[in-house]
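Dropping run.txt in here (compact mmCIF, C-alpha atoms and all ligand atoms):
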```
# COMPACT_ATOMS: atom_id res chain seq x y z
CA MET M 1 104.63 164.18 62.21
CA LEU M 2 107.64 163.28 64.32
CA LEU M 3 105.70 162.54 67.47
CA ARG M 4 102.07 162.58 68.40
CA LEU M 5 100.43 161.91 71.75
CA ASN M 6 96.72 161.17 71.52
CA ASN M 7 94.52 161.31 74.62
CA ILE M 8 97.32 160.40 76.98
CA TYR M 9 96.45 159.70 80.59
CA LYS M 10 98.89 158.80 83.33
CA ASP M 11 97.82 157.71 86.79
CA TYR M 12 100.05 157.00 89.73
CA MET M 13 99.05 154.99 92.75
CA ARG M 14 99.45 156.58 96.14
CA GLY M 15 98.78 153.64 98.42
CA LYS M 16 95.44 152.47 97.19
CA ILE M 17 94.43 155.80 95.78
CA VAL M 18 94.69 156.46 92.08
CA VAL M 19 96.25 159.84 91.42
CA PRO M 20 95.65 161.14 87.91
CA VAL M 21 98.72 163.06 86.79
CA LEU M 22 98.23 163.50 83.05
CA LYS M 23 94.69 164.02 81.80
CA ASP M 24 93.87 163.74 78.14
CA VAL M 25 97.11 165.20 76.86
CA ASN M 26 97.27 165.77 73.12
CA VAL M 27 100.55 166.99 71.72
CA SER M 28 102.12 166.85 68.29
CA VAL M 29 105.65 167.84 67.48
CA GLU M 30 106.96 168.17 63.96
CA GLU M 31 110.49 167.50 62.88
CA GLY M 32 112.68 170.53 63.44
CA GLU M 33 110.50 172.12 66.10
CA TYR M 34 111.86 173.65 69.28
CA VAL M 35 109.26 173.25 72.01
CA ALA M 36 109.43 174.37 75.62
CA ILE M 37 107.13 172.80 78.19
CA MET M 38 106.35 175.11 81.08
CA GLY M 39 104.27 174.64 84.17
CA PRO M 40 104.30 174.76 87.95
CA SER M 41 106.07 172.20 90.08
CA GLY M 42 104.06 168.99 90.21
CA SER M 43 102.01 169.80 87.11
CA GLY M 44 103.27 166.72 85.27
CA LYS M 45 106.13 168.00 83.11
CA THR M 46 108.61 165.26 83.95
CA THR M 47 105.88 162.64 83.76
CA LEU M 48 105.06 163.86 80.25
CA MET M 49 108.73 163.96 79.29
CA ASN M 50 109.26 160.41 80.55
CA ILE M 51 106.43 159.23 78.35
CA ILE M 52 107.74 161.12 75.34
CA GLY M 53 111.17 159.66 76.10
CA CYS M 54 109.82 156.10 76.32
CA LEU M 55 111.09 155.88 79.90
CA ASP M 56 107.56 155.36 81.17
CA ARG M 57 104.30 154.18 79.69
CA PRO M 58 101.00 156.00 79.66
CA THR M 59 98.07 154.49 81.54
CA LYS M 60 95.91 155.16 78.52
CA GLY M 61 96.29 156.72 75.11
CA GLU M 62 98.32 156.42 71.95
CA TYR M 63 101.86 157.50 71.28
CA TYR M 64 103.01 157.71 67.67
CA LEU M 65 106.72 158.14 67.13
CA GLU M 66 107.52 158.65 63.45
CA ASP M 67 103.96 157.54 62.70
CA ILE M 68 104.27 154.22 64.51
CA ASN M 69 102.11 153.54 67.55
CA ILE M 70 104.66 152.43 70.11
CA VAL M 71 102.37 151.97 73.09
CA ASN M 72 102.62 148.21 72.88
CA TYR M 73 106.35 148.05 72.25
CA ASP M 74 108.23 145.75 74.60
CA GLU M 75 111.21 146.86 76.69
CA ASN M 76 113.78 145.90 74.06
CA GLN M 77 112.01 147.80 71.34
CA LEU M 78 111.69 150.83 73.60
CA SER M 79 115.35 150.81 74.59
CA ASP M 80 116.24 150.51 70.93
CA LEU M 81 114.14 153.61 70.23
CA ARG M 82 115.75 155.48 73.09
CA LEU M 83 119.16 154.62 71.75
CA LYS M 84 118.52 155.52 68.13
CA THR M 85 115.95 158.28 68.14
CA LEU M 86 116.15 160.08 71.46
CA GLY M 87 118.82 161.98 73.34
CA PHE M 88 118.37 162.91 77.00
CA VAL M 89 119.66 165.86 78.98
CA PHE M 90 118.91 166.22 82.68
CA GLN M 91 119.17 169.02 85.21
CA SER M 92 121.88 167.20 87.16
CA PHE M 93 124.05 166.30 84.12
CA ASN M 94 124.29 162.64 85.25
CA LEU M 95 127.93 162.27 84.26
CA LEU M 96 130.13 159.54 85.69
CA SER M 97 132.63 161.30 87.92
CA GLN M 98 135.55 158.91 87.45
CA MET M 99 135.44 159.13 83.67
CA THR M 100 136.80 161.81 81.38
CA ALA M 101 134.48 163.92 79.27
CA LEU M 102 135.45 161.82 76.26
CA ASP M 103 134.63 158.52 77.96
CA ASN M 104 131.36 159.85 79.32
CA VAL M 105 130.32 160.92 75.85
CA ALA M 106 131.50 157.65 74.31
CA LEU M 107 129.57 155.53 76.78
CA PRO M 108 126.23 155.26 74.93
CA LEU M 109 128.12 154.07 71.86
CA SER M 110 129.31 150.97 73.63
CA TYR M 111 125.71 149.77 73.59
CA ALA M 112 125.53 150.42 69.87
CA GLY M 113 128.34 148.05 68.98
CA TYR M 114 131.11 150.43 67.88
CA HIS M 115 134.84 149.74 68.18
CA VAL M 116 136.74 151.66 70.86
CA ARG M 117 138.55 153.71 68.22
CA GLN M 118 135.31 154.65 66.43
CA ARG M 119 133.64 155.48 69.74
CA ARG M 120 136.41 157.85 70.71
CA GLN M 121 136.33 159.54 67.32
CA ILE M 122 132.56 160.03 67.41
CA ALA M 123 132.73 161.25 71.01
CA TYR M 124 135.48 163.68 70.11
CA ASN M 125 133.40 165.06 67.25
CA ALA M 126 130.40 165.46 69.55
CA LEU M 127 132.52 167.34 72.10
CA LYS M 128 133.80 169.52 69.30
CA ARG M 129 130.23 170.22 68.25
CA VAL M 130 129.52 171.62 71.73
CA GLY M 131 132.77 173.58 71.80
CA LEU M 132 134.68 171.41 74.27
CA GLU M 133 137.38 169.82 72.14
CA GLU M 134 140.00 171.33 74.48
CA ARG M 135 138.47 169.62 77.49
CA VAL M 136 138.09 166.04 76.30
CA ASN M 137 140.39 164.61 78.97
CA PHE M 138 138.91 166.54 81.89
CA LYS M 139 136.81 164.80 84.49
CA PRO M 140 133.47 166.33 85.49
CA SER M 141 134.91 167.78 88.73
CA GLN M 142 137.43 169.71 86.64
CA LEU M 143 134.69 171.33 84.56
CA SER M 144 132.28 174.16 85.29
CA GLY M 145 128.56 173.42 85.56
CA GLY M 146 127.92 174.82 82.09
CA GLN M 147 130.75 172.73 80.65
CA GLN M 148 129.44 169.61 82.37
CA GLN M 149 126.03 170.23 80.86
CA ARG M 150 127.63 170.63 77.43
CA VAL M 151 129.38 167.27 77.94
CA ALA M 152 125.97 165.81 78.77
CA ILE M 153 124.55 167.35 75.61
CA ALA M 154 127.44 165.90 73.59
CA ARG M 155 126.62 162.51 75.13
CA ALA M 156 123.00 162.96 74.08
CA LEU M 157 124.16 163.67 70.53
CA VAL M 158 126.46 160.74 69.81
CA ASN M 159 123.79 158.50 68.40
CA ASN M 160 122.49 161.26 66.14
CA PRO M 161 119.07 161.43 67.76
CA LYS M 162 116.15 163.05 65.98
CA ILE M 163 114.87 164.47 69.24
CA ILE M 164 116.68 165.91 72.23
CA LEU M 165 114.61 165.82 75.41
CA ALA M 166 115.86 168.10 78.14
CA ASP M 167 114.37 168.28 81.64
CA GLU M 168 115.32 171.60 83.26
CA PRO M 169 118.71 171.63 81.52
CA THR M 170 119.63 175.01 82.99
CA GLY M 171 118.10 174.41 86.42
CA ALA M 172 121.46 173.86 88.10
CA LEU M 173 123.35 176.56 86.22
CA ASP M 174 124.08 180.21 86.85
CA SER M 175 122.43 182.52 84.36
CA HIS M 176 125.54 183.01 82.21
CA SER M 177 126.14 179.27 81.73
CA GLY M 178 122.41 178.86 81.29
CA ILE M 179 122.47 181.23 78.35
CA GLN M 180 125.41 179.38 76.81
CA VAL M 181 123.55 176.09 77.08
CA MET M 182 120.47 177.68 75.52
CA GLU M 183 122.59 178.98 72.65
CA LEU M 184 123.83 175.48 72.13
CA PHE M 185 120.28 174.10 71.95
CA HIS M 186 119.44 176.84 69.50
CA GLN M 187 122.43 175.89 67.34
CA LEU M 188 121.48 172.19 67.42
CA ASN M 189 117.94 173.06 66.46
CA GLU M 190 119.24 175.12 63.53
CA GLU M 191 121.18 172.02 62.52
CA GLY M 192 117.90 170.14 62.36
CA VAL M 193 117.59 168.47 65.76
CA THR M 194 114.11 168.63 67.26
CA VAL M 195 114.27 169.95 70.82
CA VAL M 196 111.70 169.42 73.56
CA MET M 197 112.71 171.16 76.75
CA ILE M 198 111.13 171.48 80.16
CA THR M 199 111.68 174.65 82.10
CA HIS M 200 109.87 176.78 84.59
CA ASP M 201 111.88 179.82 83.66
CA ALA M 202 110.02 182.06 81.22
CA ASN M 203 113.30 183.60 80.01
CA ILE M 204 114.58 180.18 79.12
CA ALA M 205 111.29 179.25 77.47
CA SER M 206 111.46 182.36 75.32
CA HIS M 207 114.33 180.71 73.42
CA ALA M 208 111.91 178.10 72.12
CA LYS M 209 109.78 178.63 69.04
CA ARG M 210 106.74 177.19 70.72
CA VAL M 211 105.70 176.97 74.36
CA LEU M 212 103.31 174.41 75.80
CA HIS M 213 101.82 175.24 79.17
CA ILE M 214 100.81 172.42 81.43
CA PHE M 215 98.63 172.93 84.48
CA ASP M 216 97.55 170.12 86.73
CA GLY M 217 98.21 167.52 84.09
CA GLU M 218 96.45 169.29 81.25
CA ILE M 219 97.99 171.12 78.33
CA ALA M 220 96.68 174.64 78.27
CA GLU M 221 98.44 175.70 75.11
CA ASP M 222 96.35 173.36 73.04
CA VAL M 223 93.21 175.04 74.29
CA GLU M 224 94.77 178.34 73.32
CA ARG M 225 95.74 176.99 69.94
CA LYS M 226 92.29 175.59 69.26
CA ARG M 227 90.76 178.93 70.16
CA LYS M 228 93.11 180.70 67.74
CA GLU M 229 92.38 178.20 65.01
CA ALA M 230 88.66 178.62 65.56
CA GLU M 231 89.06 182.38 65.38
CA GLN M 232 91.02 182.12 62.17
CA ASN M 233 88.41 179.83 60.66
CA GLU M 234 85.67 182.26 61.61
CA GLN M 235 87.59 185.11 60.06
CA SER M 236 88.16 183.24 56.84
CA VAL M 237 84.47 182.37 56.67
CA GLU M 238 83.54 185.98 57.31
CA ALA M 239 86.07 187.38 54.84
CA PRO M 240 84.27 188.55 51.69
CA LEU M 241 84.98 186.36 48.71
CA PRO M 242 86.08 188.06 45.52
CA GLU M 243 82.93 188.29 43.43
CA LYS M 244 83.91 189.61 40.07
CA GLU M 245 86.48 188.53 37.49
CA GLU M 246 86.12 184.90 38.54
CA SER M 247 87.64 183.80 35.27
CA GLY M 248 90.92 185.48 36.26
CA SER M 249 91.36 183.11 39.15
CA ASP M 250 93.88 180.32 39.06
CA ILE M 251 92.04 178.19 41.57
CA GLY M 252 90.29 175.75 39.26
CA THR M 253 92.89 173.50 37.70
CA GLU M 254 90.41 171.64 35.61
CA GLY M 255 89.19 174.91 34.03
CA GLU M 256 88.57 174.66 30.29
CA ASP M 257 89.60 178.15 29.25
CA ASN M 258 93.38 178.22 29.22
CA LYS M 259 93.71 180.68 26.37
CA GLU M 260 97.21 181.79 25.47
N1 LIG E 301 106.59 157.55 90.47
C1 LIG E 301 105.62 158.29 90.98
N2 LIG E 301 104.73 157.75 91.86
C2 LIG E 301 103.73 158.48 92.37
N3 LIG E 301 103.50 159.75 92.08
C3 LIG E 301 104.35 160.36 91.22
C4 LIG E 301 105.45 159.67 90.64
N4 LIG E 301 106.12 160.52 89.82
C5 LIG E 301 105.46 161.68 89.91
N5 LIG E 301 104.40 161.60 90.74
C6 LIG E 301 103.45 162.68 91.04
O1 LIG E 301 103.01 163.21 89.81
C7 LIG E 301 102.88 164.62 89.88
C8 LIG E 301 103.66 165.24 88.73
O2 LIG E 301 105.03 165.01 88.91
P1 LIG E 301 106.12 165.50 87.88
O3 LIG E 301 107.44 165.01 88.35
O4 LIG E 301 105.70 165.13 86.51
O5 LIG E 301 106.01 167.08 88.05
P2 LIG E 301 106.86 168.25 87.39
O6 LIG E 301 105.92 169.12 86.65
O7 LIG E 301 108.00 167.68 86.64
O8 LIG E 301 107.39 169.05 88.68
P3 LIG E 301 108.81 169.76 88.95
O9 LIG E 301 108.73 171.10 88.28
O10 LIG E 301 108.82 169.91 90.43
O11 LIG E 301 109.90 168.90 88.44
C9 LIG E 301 103.37 165.02 91.26
O12 LIG E 301 102.25 165.26 92.04
C10 LIG E 301 104.13 163.82 91.73
O13 LIG E 301 104.02 163.71 93.12
MG MG E 302 110.09 167.71 86.89
```
In structure tokens, write the structure found in this file.
Amino acid sequence: MLLRLNNIYKDYMRGKIVVPVLKDVNVSVEEGEYVAIMGPSGSGKTTLMNIIGCLDRPTKGEYYLEDINIVNYDENQLSDLRLKTLGFVFQSFNLLSQMTALDNVALPLSYAGYHVRQRRQIAYNALKRVGLEERVNFKPSQLSGGQQQRVAIARALVNNPKIILADEPTGALDSHSGIQVMELFHQLNEEGVTVVMITHDANIASHAKRVLHIFDGEIAEDVERKRKEAEQNEQSVEAPLPEKEESGSDIGTEGEDNKE
């Protein structure tokens, strides 16, 4: 399992009052999945994403990333994880306005100890991957919203993350650019990148292979899933077992009658 949240709780303090925001959240994501997280404003989506992205810590619970419980990691270990394993995409692109697309994309690499030449090459390749090789020397203000978001996605890709975390990546885009960005996520997922994406747009969520619904800090999809699993179990218990010709079955491997 790529990531697993077990019984995650997150409380915030409002003055002296404890405000529970995430309540017993259990989520697992396998490598290669494409998961959308949907839910009303204030339901805890960003809070959950920040925990998945190691930008914030849960109040209680366990978080396994690649089967390692990282809840007690210190800041250095967490930033290392963010650098190597996770790529972030935000609604507002978060590009530096004075820098070209290429330099924006190359920026995370400077923390990873690459030479300038290597950085620029890797950044160029990432921009090519998102279809912007003709725009490498443009500054954000010279790019459309959709192009800026693709630059941000290229920036998220430069360290070859296993997981891309996107918080409302199409929230600031018109529907056409939104679709282009979604196509790009789809392509990246096909290439093997795990995508976890927050949206409150059902059309956008329909691009994902799996949708988690969060209401008031609780994952509803898991309830749904458990119900389905229970149903399936019941059905398989109820299903009549084949009674005759048992010897024809391949089930028992230690069977003694392997006649040829
Ligand atoms: N740093 C914080 N301190 C106190 N309360 C917070 C903090 N961050 C979030 N909250 C509260 O936690 C709840 C969930 O917030 P969160 O940002 O996770 O919601 P969301 O589902 O992402 O909403 P939106 O769709 O509007 O982005 C809200 O009630 C919010 O006020
Ligand atoms: Mg949010």
- Task: Please provide the set of residues having any atom within 10 Å of range 46-48 of chain M, restricted to all atoms listed in the file, with same-chain residues fewer than 5 positions apart removed, written as a list in words.
- Result: Leu5, Ile8, Tyr9, Lys10, Asp11, Val21, Leu22, Val25, Ile37, Ser41, Gly53, Cys54, Leu55, Asp56, Arg57, Pro58, Ala166, Asp167, Glu168, Ile198, Ile214 and Gly217 of chain M
- Query: What's the 10 Å shell around Tyr63 in chain M, counting all atoms listed in the file, without same-chain residues fewer than 2 positions away, as a ChimeraX atom specification?
  - Reply: /M:3-8,26-28,51-52,54,57-58,60-61,65-72
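Between ligand MG 302 (chain E) and the candidates M:Arg155, M:Arg135, M:His200, M:Lys128, the tightest atom-to-atom separation, counting only C-alpha atoms and all ligand atoms, involves M:His200.
The nearest approach to ligand MG 302 (chain E) among the residues M:Met49, M:Ile179, M:Val195, M:Leu184, with all atoms listed in the file taken into account, belongs to M:Met49.
Here CA of Thr100 in chain M stands at a distance of 14.8 Å from CA of Gly145 in chain M.
Closest approach to ligand LIG 301 (chain E) among M:Gly131, M:His176, M:Ala208, M:Asp201: M:Asp201, based on all atoms listed in the file.
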Quick one: 3 Å padding each side, axis-aligned, all listed atoms of range 111-121 of chain M - centre and edge lengths in Å to one decimal, as lines of an AutoDock Vina configuration file?
```
center_x = 132.0
center_y = 153.8
center_z = 70.0
size_x = 19.0
size_y = 17.5
size_z = 13.2
```
- Item | Contacts of range 103-111 of chain M within 10 Å, all atoms listed in the file, excl. fewer than 6 positions in-chain, as number ranges by chain | M: 80, 83, 94-97, 118-124, 126-127, 136-140, 151-159
Could you extract range 46-183 of chain M of the given structure into a file holding C-alpha atoms, as a tab-separated table (two decimals), in the first residue's frame?
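Ended up saving to out.tsv:
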```
chain	number	residue	atom	x	y	z
M	46	THR	CA	-7.56	20.62	2.70
M	47	THR	CA	-6.87	19.54	6.26
M	48	LEU	CA	-6.80	15.93	5.08
M	49	MET	CA	-4.63	16.81	2.09
M	50	ASN	CA	-2.17	18.68	4.31
M	51	ILE	CA	-1.81	15.59	6.47
M	52	ILE	CA	-1.38	13.33	3.46
M	53	GLY	CA	1.17	15.82	2.13
M	54	CYS	CA	3.11	15.89	5.42
M	55	LEU	CA	2.48	19.63	5.68
M	56	ASP	CA	0.58	19.14	8.91
M	57	ARG	CA	0.41	16.48	11.57
M	58	PRO	CA	-2.64	14.63	12.79
M	59	THR	CA	-3.73	15.10	16.40
M	60	LYS	CA	-4.11	11.35	16.66
M	61	GLY	CA	-3.74	8.34	14.42
M	62	GLU	CA	-1.21	6.60	12.24
M	63	TYR	CA	0.03	7.54	8.82
M	64	TYR	CA	1.91	4.92	6.82
M	65	LEU	CA	3.68	6.14	3.72
M	66	GLU	CA	5.18	3.24	1.76
M	67	ASP	CA	4.52	1.07	4.81
M	68	ILE	CA	6.49	3.27	7.21
M	69	ASN	CA	4.68	4.98	10.06
M	70	ILE	CA	5.79	8.58	9.67
M	71	VAL	CA	3.78	10.15	12.46
M	72	ASN	CA	6.85	10.63	14.60
M	73	TYR	CA	9.13	11.87	11.83
M	74	ASP	CA	10.88	15.13	12.60
M	75	GLU	CA	10.70	18.19	10.36
M	76	ASN	CA	13.80	17.27	8.35
M	77	GLN	CA	12.54	13.79	7.65
M	78	LEU	CA	9.17	15.17	6.62
M	79	SER	CA	10.64	17.76	4.28
M	80	ASP	CA	12.79	15.05	2.77
M	81	LEU	CA	9.66	13.00	2.13
M	82	ARG	CA	7.89	15.98	0.61
M	83	LEU	CA	10.81	16.55	-1.69
M	84	LYS	CA	11.26	12.97	-2.84
M	85	THR	CA	7.85	11.37	-2.73
M	86	LEU	CA	5.24	14.09	-3.05
M	87	GLY	CA	4.39	16.71	-5.63
M	88	PHE	CA	1.98	19.54	-4.85
M	89	VAL	CA	-0.41	21.44	-7.07
M	90	PHE	CA	-2.55	24.26	-5.69
M	91	GLN	CA	-5.57	26.17	-6.92
M	92	SER	CA	-3.60	29.41	-7.17
M	93	PHE	CA	-0.59	27.93	-9.03
M	94	ASN	CA	1.87	29.55	-6.57
M	95	LEU	CA	4.40	30.46	-9.24
M	96	LEU	CA	7.02	33.14	-8.69
M	97	SER	CA	6.05	36.01	-10.96
M	98	GLN	CA	9.54	37.33	-11.69
M	99	MET	CA	10.84	33.97	-12.84
M	100	THR	CA	10.41	32.23	-16.17
M	101	ALA	CA	8.47	28.99	-16.44
M	102	LEU	CA	11.77	27.14	-16.67
M	103	ASP	CA	13.19	28.71	-13.51
M	104	ASN	CA	9.96	28.15	-11.60
M	105	VAL	CA	10.03	24.48	-12.53
M	106	ALA	CA	13.73	24.17	-11.75
M	107	LEU	CA	13.38	25.71	-8.31
M	108	PRO	CA	12.63	22.56	-6.27
M	109	LEU	CA	15.73	20.96	-7.77
M	110	SER	CA	17.99	23.51	-6.16
M	111	TYR	CA	17.09	21.94	-2.81
M	112	ALA	CA	18.00	18.53	-4.16
M	113	GLY	CA	21.59	19.43	-4.95
M	114	TYR	CA	21.63	19.44	-8.76
M	115	HIS	CA	23.92	21.57	-10.93
M	116	VAL	CA	22.35	24.52	-12.74
M	117	ARG	CA	22.77	22.78	-16.09
M	118	GLN	CA	21.12	19.56	-14.87
M	119	ARG	CA	18.31	21.53	-13.24
M	120	ARG	CA	17.52	23.34	-16.45
M	121	GLN	CA	17.56	20.11	-18.43
M	122	ILE	CA	15.24	18.33	-16.00
M	123	ALA	CA	12.95	21.37	-15.86
M	124	TYR	CA	12.85	21.54	-19.64
M	125	ASN	CA	11.90	17.87	-19.83
M	126	ALA	CA	9.14	18.39	-17.26
M	127	LEU	CA	7.76	21.33	-19.24
M	128	LYS	CA	7.88	19.19	-22.34
M	129	ARG	CA	5.95	16.49	-20.52
M	130	VAL	CA	3.12	18.98	-19.89
M	131	GLY	CA	3.25	20.29	-23.45
M	132	LEU	CA	4.88	23.66	-22.75
M	133	GLU	CA	8.31	23.31	-24.30
M	134	GLU	CA	7.56	26.37	-26.47
M	135	ARG	CA	6.87	28.51	-23.42
M	136	VAL	CA	9.88	27.81	-21.23
M	137	ASN	CA	11.06	31.43	-21.21
M	138	PHE	CA	7.67	32.98	-20.53
M	139	LYS	CA	6.88	34.50	-17.17
M	140	PRO	CA	3.62	33.57	-15.44
M	141	SER	CA	1.94	36.86	-16.46
M	142	GLN	CA	2.59	35.95	-20.10
M	143	LEU	CA	0.80	32.62	-19.75
M	144	SER	CA	-2.88	31.70	-19.58
M	145	GLY	CA	-4.30	30.28	-16.36
M	146	GLY	CA	-4.29	26.77	-17.78
M	147	GLN	CA	-0.69	27.16	-18.92
M	148	GLN	CA	0.33	28.47	-15.50
M	149	GLN	CA	-1.26	25.47	-13.88
M	150	ARG	CA	0.63	23.19	-16.27
M	151	VAL	CA	3.86	24.93	-15.26
M	152	ALA	CA	2.91	24.26	-11.64
M	153	ILE	CA	2.29	20.62	-12.50
M	154	ALA	CA	5.68	20.44	-14.24
M	155	ARG	CA	7.22	21.88	-11.07
M	156	ALA	CA	5.47	19.18	-9.05
M	157	LEU	CA	6.95	16.55	-11.36
M	158	VAL	CA	10.63	17.44	-11.36
M	159	ASN	CA	11.56	15.26	-8.43
M	160	ASN	CA	9.70	12.29	-9.89
M	161	PRO	CA	7.18	12.06	-7.07
M	162	LYS	CA	5.19	8.90	-6.50
M	163	ILE	CA	2.15	10.92	-5.54
M	164	ILE	CA	0.76	14.16	-6.89
M	165	LEU	CA	-1.50	15.97	-4.43
M	166	ALA	CA	-3.70	18.59	-5.98
M	167	ASP	CA	-6.00	20.91	-4.02
M	168	GLU	CA	-8.71	22.28	-6.34
M	169	PRO	CA	-6.31	22.37	-9.30
M	170	THR	CA	-9.01	23.59	-11.67
M	171	GLY	CA	-10.71	25.94	-9.21
M	172	ALA	CA	-9.26	29.07	-10.79
M	173	LEU	CA	-9.61	27.94	-14.40
M	174	ASP	CA	-12.27	28.31	-17.06
M	175	SER	CA	-13.87	25.03	-18.04
M	176	HIS	CA	-11.80	24.56	-21.20
M	177	SER	CA	-8.44	24.96	-19.41
M	178	GLY	CA	-9.85	22.87	-16.59
M	179	ILE	CA	-10.44	20.01	-18.98
M	180	GLN	CA	-6.91	20.33	-20.37
M	181	VAL	CA	-5.47	20.16	-16.87
M	182	MET	CA	-7.61	17.11	-16.11
M	183	GLU	CA	-6.37	15.44	-19.28
```
